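Peer 1: Quick one: the structure is below, and I'll ask about it shortly.
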Amino acid sequence: MVGWPPGAATDYAGAGSLVEREHELAVIGAGLKRIRTARSCVLIIEAVAGQGKTALVAAARRLALAQDVDVLAARAHQVEATAPYDLLRRLLAAAVERRGGPSALTGPSGFAAALFTPGATLAPGVDYGCQSLLASLADEGPVLLAVDDAHWADTDSLRVIADLATDLSDERIMVLVALRPAENPAVQPLVARLTMGETARLLQPGPLSVAGVRAVLRTAFGQEPDETFTDVCSSSSGGNVFYLREIIRPLLAAGGIPDAATANQVQRSGADALTRTVRARLAELGDAAGRLARAAATLGDDASLKHASQLAGLPYAHGRREAARLTAAAVLAQGEPIAFVHPLIRAAVEQSAEPGVIDALHARAAGVLQKAGAPISRVVQHLVAAPAAGSARVCRLLLSEARTNLETGSATGAVQLLSRALAEPPTPELRPDILLALALAERATGAIHAARAHLFEVVRSGPRGTSIAAMWELLEVLYELDDHDAVDEVHRRALAVEPYGDTPDEIRLRAILLAHAATGSIATAPPRLTDVDIGQLTARSGEERHLLICAALHRRAAQAGSEAEFLGHLRRAVRDLPADRPLTYREIFAALEAVAYLAASEAMTEADEVLVRIQPDIARLRGVAPDLQAEFNNRAILNLVRRGRFEDALAQLAGSEEFAHRYGYTIYASLGHYVRGCIALERGDYAEAGLMFLREPAGETLARALGELLSGRPAAALSILAKNGYALAPDGPVHETEVQQEPHLVASHAYSMLHDEAAALAEADRELAIRRGHGPSFRLALALRRRARFARNPHDATSLLAEAAQVCADTPRLPVRARVLASYGAALRRDGHLVEAREHLAAALDLTDRLGLTRLHDRVLADLRSAGSRVRQTRISGVESLTSSQRIVADRAAQGGTNRRIAEELYVSVKTVETHLAAVYRKLGVTGRDGLKEALATQLSGSSP
């Protein structure tokens, strides 16, 4: 609740006839005041039905309009939950029309155009487009985004709104969400996210006091009510505003007065009493009116009277007459589309129907809407609520819409549709397809054990094509669950079906099998899998690009090609990525795989170029495929660390961790421990590094072995290495994991700590032998540096370190270069080559200064002085101390860019921008944006502030 200005209740007394809601109105007014100063806020109004939520939302809208605040408002519908982004469609429709319609949406907002185009199919990125559109509206002026009855909203729209509230903290936007407590479990996590924001306020209006009831009665009857009458009304209604008005409605209609004599005519109200009242009211109106009311309740608010009349079995003209009578009886609101005067009346109409009637009406409603050409998303809303009938047609409709939902990121809606399809039930032929789609949706929603069970059923009993599609997904799930026994079973089944055709699913499965064979997960791979003519592999699709990468990885593991050939295959896998259309998930997935190996093979500049190329598509798919964004963050941050850009890595890490926690990606959330461990290690804080590495997720990883080593437990480190198969085999074949990681360096240091120098030397020799055959250059340099530790004389040590300095002379991994130069310079000094030593030590000192390698800096400085150098240190400050990323952010902020706009332009999170700016303010000695432009100009010109 940061930064809320105090509000005076009397300022909002004229906002309407709300009773005992002065506090809520004051908070709303304070929020509107806040957004006029370019700061966002979130209000959640939570109360039971009938307690005045809608009236408060209406009051907020009136106050906003009176203050020239743009209002975007919508009320969620009870049948809306399975329609992806339907709430956003209604919230933003008017704003889109003001801009010239869907075709006028450009840039990132253009991805939302299909949502506002009748008959258009939604495509991945619609959520990204909606958030961009909302942000651009906030750029034009303060905005009130008001959602009523959010407990019925589709979760996809609420997710976008929750992301908006998190990411647009410095925008002029107020998010107002009204809902009933604990009404819909699916929306509760999203509401919780909104509530936990820094600027969020939770309002929970309670029942009216006796004085409040008296005020309502005084207004309704136009005279002071009798005390007995007031007490009876208060007791009967429980202080619920809606129930109070309902129990006095007949008295008002009959011209009664609020005195003691009429108090006995007041009946106790509540949900059950309201149902009885509505049932009696419909009985008085007759059968046709009752049928129309139940049809309207089935179709939901905003349905057309034409469709309601058809569903009720009435001619349209007859339906219009009955609708007018229902309006006069305070059941329906006036006008079209049809709507009930209150959701409680709608619920009472449903409750007043005989058992099974509403369910049957939902089944008929689906047919009416489909015949009328309504979007399938509206049709399936009713199929979900309809009774099961064993219809293959219904199953196919639900499956088709669920697949569309999955493509647009609506996994929760897809689970609901597919679960309903299973209950139909489907035919044996359809069941595997439904189970596969359901498993994908379950995995996306975090129900990984349910996904595992459904995928196994498809793998074991589905037809070949569907089974192959499930195997790839199942292998991914089993690795997440660390279920190696089950992995072995799937490997056997996958090899048995011989997935060597050219369908996307077969290519995908063959790729992962090759990758597993490369890492030793498949002990004996058949020649038909591994005998790949890699030169003949094409790279036209994402699946083919991934197969090319995995085939190259397997060839390297089998020692069938050089490092240069391996790099050539990686480059081919990311060459000519389509520029005339958005990239697909599989194309981005393959590109990220290539980035990982390019960076590890010293082609880091190329890896960074690929990351820049795919950034826009990853941003577009952030909501649909957040795993891609999480992996992108991982790759980008690790590359920054490898280059020694520690401040930039930590700034980006802040946004990455927030994103990973938002989507429940534990493995990516733990990246922060690894990154901080690497930075602490480079800076020489071994205790902190060890602590960070040991905070990795449970598992015997190389990082944990390093953590044990840095924590002073070398035996524990060696135990972890042995469990992972890294035990020394001097003449054994090179394992792929030995190429990708540096287990023998860790083991060599561990044995040294245990004073077993013979074993330490053997491990160093093994590492050097591997690197001479497999590189890359920076790992060869580190292996040479370690081996020099065991040289028989200073001259041999100097020779090894000279080679190390030469092979890493061009590495972009500046921390590695700094360490090698420091060791080489020190060796030269010990060997008596003082002039040459000073040259290399000076280069190392410059690197340690630039990178902040504190411990190494002190050691190099001491060596330089021992070599006879008179070192004069200068401290870098001001603009010169800014990193490249900090400078870019500072310049854009100084030019008036908001955090959100800068983040969008740079394809980083708002949190990353905030972290960069905090560092900029500290380094330049300013307190915020106001002094930023002047500080940049002053310090660049060299004048004193």
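Ligands are numbered from 1 in the order shown, residues from 1 within each chain, and chains are lettered A, B, ... in the order they appear in the structure tokens.
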Can you write out as CSV which residues of range 4-93 of chain A fall within 8 Å of range 375-384 of chain A, alongside each residue's closest atom pair and its distance in Å to one decimal, counting only C-alpha atoms and ordering rows by chain and ascending residue number?

Peer 2:
residue,atom,partner,partner_atom,distance
A:Val79,CA,A:Gln381,CA,6.0
A:Glu80,CA,A:Gln381,CA,7.1
A:Ala81,CA,A:Gln381,CA,7.9
A:Thr82,CA,A:Gln381,CA,6.0
A:Ala83,CA,A:Ser377,CA,5.5

Peer 1: Please return as a VMD selection string: the residues of range 496-562 of chain A that backbone DSSP assigns to alpha helix (DSSP H).

Peer 2: chain A and resid 496 504 to 518 527 to 530 542 to 557

Peer 1: Taking into account only C-alpha atoms, which residue in the set A:Gly286, A:Pro776, A:Gly684, A:Gly707 is nearest to Gln740 in chain A?

Peer 2: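 Counting only C-alpha atoms, the residue closest to Gln740 in chain A is A:Pro776.
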
Peer 1: Excluding same-chain residues fewer than 3 positions from range 710-723 of chain A, what lies within 9 Å of it counting only C-alpha atoms, as a list in words?

Peer 2: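 The contact residues come out as Leu681, Tyr686, Ala687, Glu688, Ala689, Gly690, Leu691, Glu700, Thr701, Leu702, Arg704, Ala705, Leu706, Gly707, Tyr726, Ala727, Leu728, Pro743, His744, Val746, Ala747, His749, Ala750, Tyr751, Ser752, Met753 and Leu754 of chain A.
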
Peer 1: Work out how far CA of Thr166 in chain A is from CA of Gly655 in chain A, in Å to one decimal.

Peer 2: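 We find that CA of Gly655 in chain A and CA of Thr166 in chain A lie 11.2 Å from each other.
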
Peer 1: Counting only C-alpha atoms, what is within 10 Å of range 488-493 of chain A, bar same-chain residues fewer than 2 positions away, as a list in words?

Peer 2: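 Surrounding residues, per the criterion: Phe456, Val459, Arg460, Ser467, Ile468, Met471, Trp472, Leu474, Leu475, Leu478, Asp483, His484, Asp485, Ala486, Leu495, Ala496, Val497, Glu498, Leu513, His516, Ser521, Ile522, Ala523 and Ala525 of chain A.
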
Peer 1: Could you write out that same residue set with N, CA and C atoms as a compact mmCIF listing (two decimals), in the first residue's frame?

Peer 2:
# COMPACT_ATOMS: atom_id res chain seq x y z
N PHE A 456 1.31 -41.61 -20.21
CA PHE A 456 1.63 -43.05 -20.20
C PHE A 456 0.50 -43.87 -20.80
N VAL A 459 0.88 -43.54 -24.54
CA VAL A 459 2.07 -44.25 -25.03
C VAL A 459 1.81 -45.75 -25.05
N ARG A 460 1.14 -46.25 -24.04
CA ARG A 460 0.95 -47.70 -23.92
C ARG A 460 -0.21 -48.24 -24.74
N SER A 467 0.90 -42.04 -30.14
CA SER A 467 1.85 -42.53 -29.15
C SER A 467 3.21 -41.86 -29.31
N ILE A 468 3.65 -41.69 -30.54
CA ILE A 468 4.94 -41.02 -30.79
C ILE A 468 4.89 -39.58 -30.30
N MET A 471 5.27 -39.58 -26.59
CA MET A 471 6.56 -40.01 -26.04
C MET A 471 7.49 -38.83 -25.79
N TRP A 472 7.56 -37.91 -26.75
CA TRP A 472 8.41 -36.73 -26.57
C TRP A 472 8.01 -35.96 -25.31
N LEU A 474 6.28 -37.05 -22.78
CA LEU A 474 6.46 -37.86 -21.58
C LEU A 474 7.92 -37.87 -21.13
N LEU A 475 8.84 -37.96 -22.06
CA LEU A 475 10.25 -37.92 -21.68
C LEU A 475 10.60 -36.62 -20.98
N LEU A 478 9.13 -36.83 -17.45
CA LEU A 478 9.86 -37.76 -16.58
C LEU A 478 11.19 -37.18 -16.13
N ASP A 483 12.46 -39.28 -12.84
CA ASP A 483 12.00 -40.68 -12.80
C ASP A 483 12.77 -41.48 -13.86
N HIS A 484 13.99 -41.90 -13.53
CA HIS A 484 14.86 -42.53 -14.51
C HIS A 484 14.39 -43.92 -14.92
N ASP A 485 13.78 -44.64 -14.02
CA ASP A 485 13.28 -45.96 -14.38
C ASP A 485 12.22 -45.86 -15.47
N ALA A 486 11.31 -44.91 -15.30
CA ALA A 486 10.27 -44.72 -16.30
C ALA A 486 10.86 -44.22 -17.62
N LEU A 495 12.25 -46.59 -29.20
CA LEU A 495 13.11 -47.27 -30.17
C LEU A 495 12.36 -48.37 -30.91
N ALA A 496 11.41 -49.00 -30.21
CA ALA A 496 10.66 -50.10 -30.82
C ALA A 496 9.75 -49.61 -31.95
N VAL A 497 9.22 -48.37 -31.84
CA VAL A 497 8.32 -47.89 -32.90
C VAL A 497 9.08 -47.32 -34.08
N GLU A 498 10.42 -47.23 -33.96
CA GLU A 498 11.28 -46.76 -35.06
C GLU A 498 10.78 -45.43 -35.64
N LEU A 513 15.89 -38.60 -28.76
CA LEU A 513 16.58 -39.88 -28.57
C LEU A 513 18.07 -39.76 -28.90
N HIS A 516 19.71 -37.99 -26.01
CA HIS A 516 19.87 -38.88 -24.86
C HIS A 516 20.98 -39.91 -25.11
N SER A 521 22.34 -41.61 -21.79
CA SER A 521 21.09 -42.07 -21.18
C SER A 521 20.56 -43.32 -21.86
N ILE A 522 20.89 -43.48 -23.14
CA ILE A 522 20.54 -44.71 -23.86
C ILE A 522 21.82 -45.51 -24.02
N ALA A 523 21.92 -46.62 -23.32
CA ALA A 523 23.17 -47.37 -23.29
C ALA A 523 23.56 -47.91 -24.67
N ALA A 525 22.31 -47.64 -28.46
CA ALA A 525 21.42 -47.04 -29.45
C ALA A 525 21.55 -47.79 -30.77
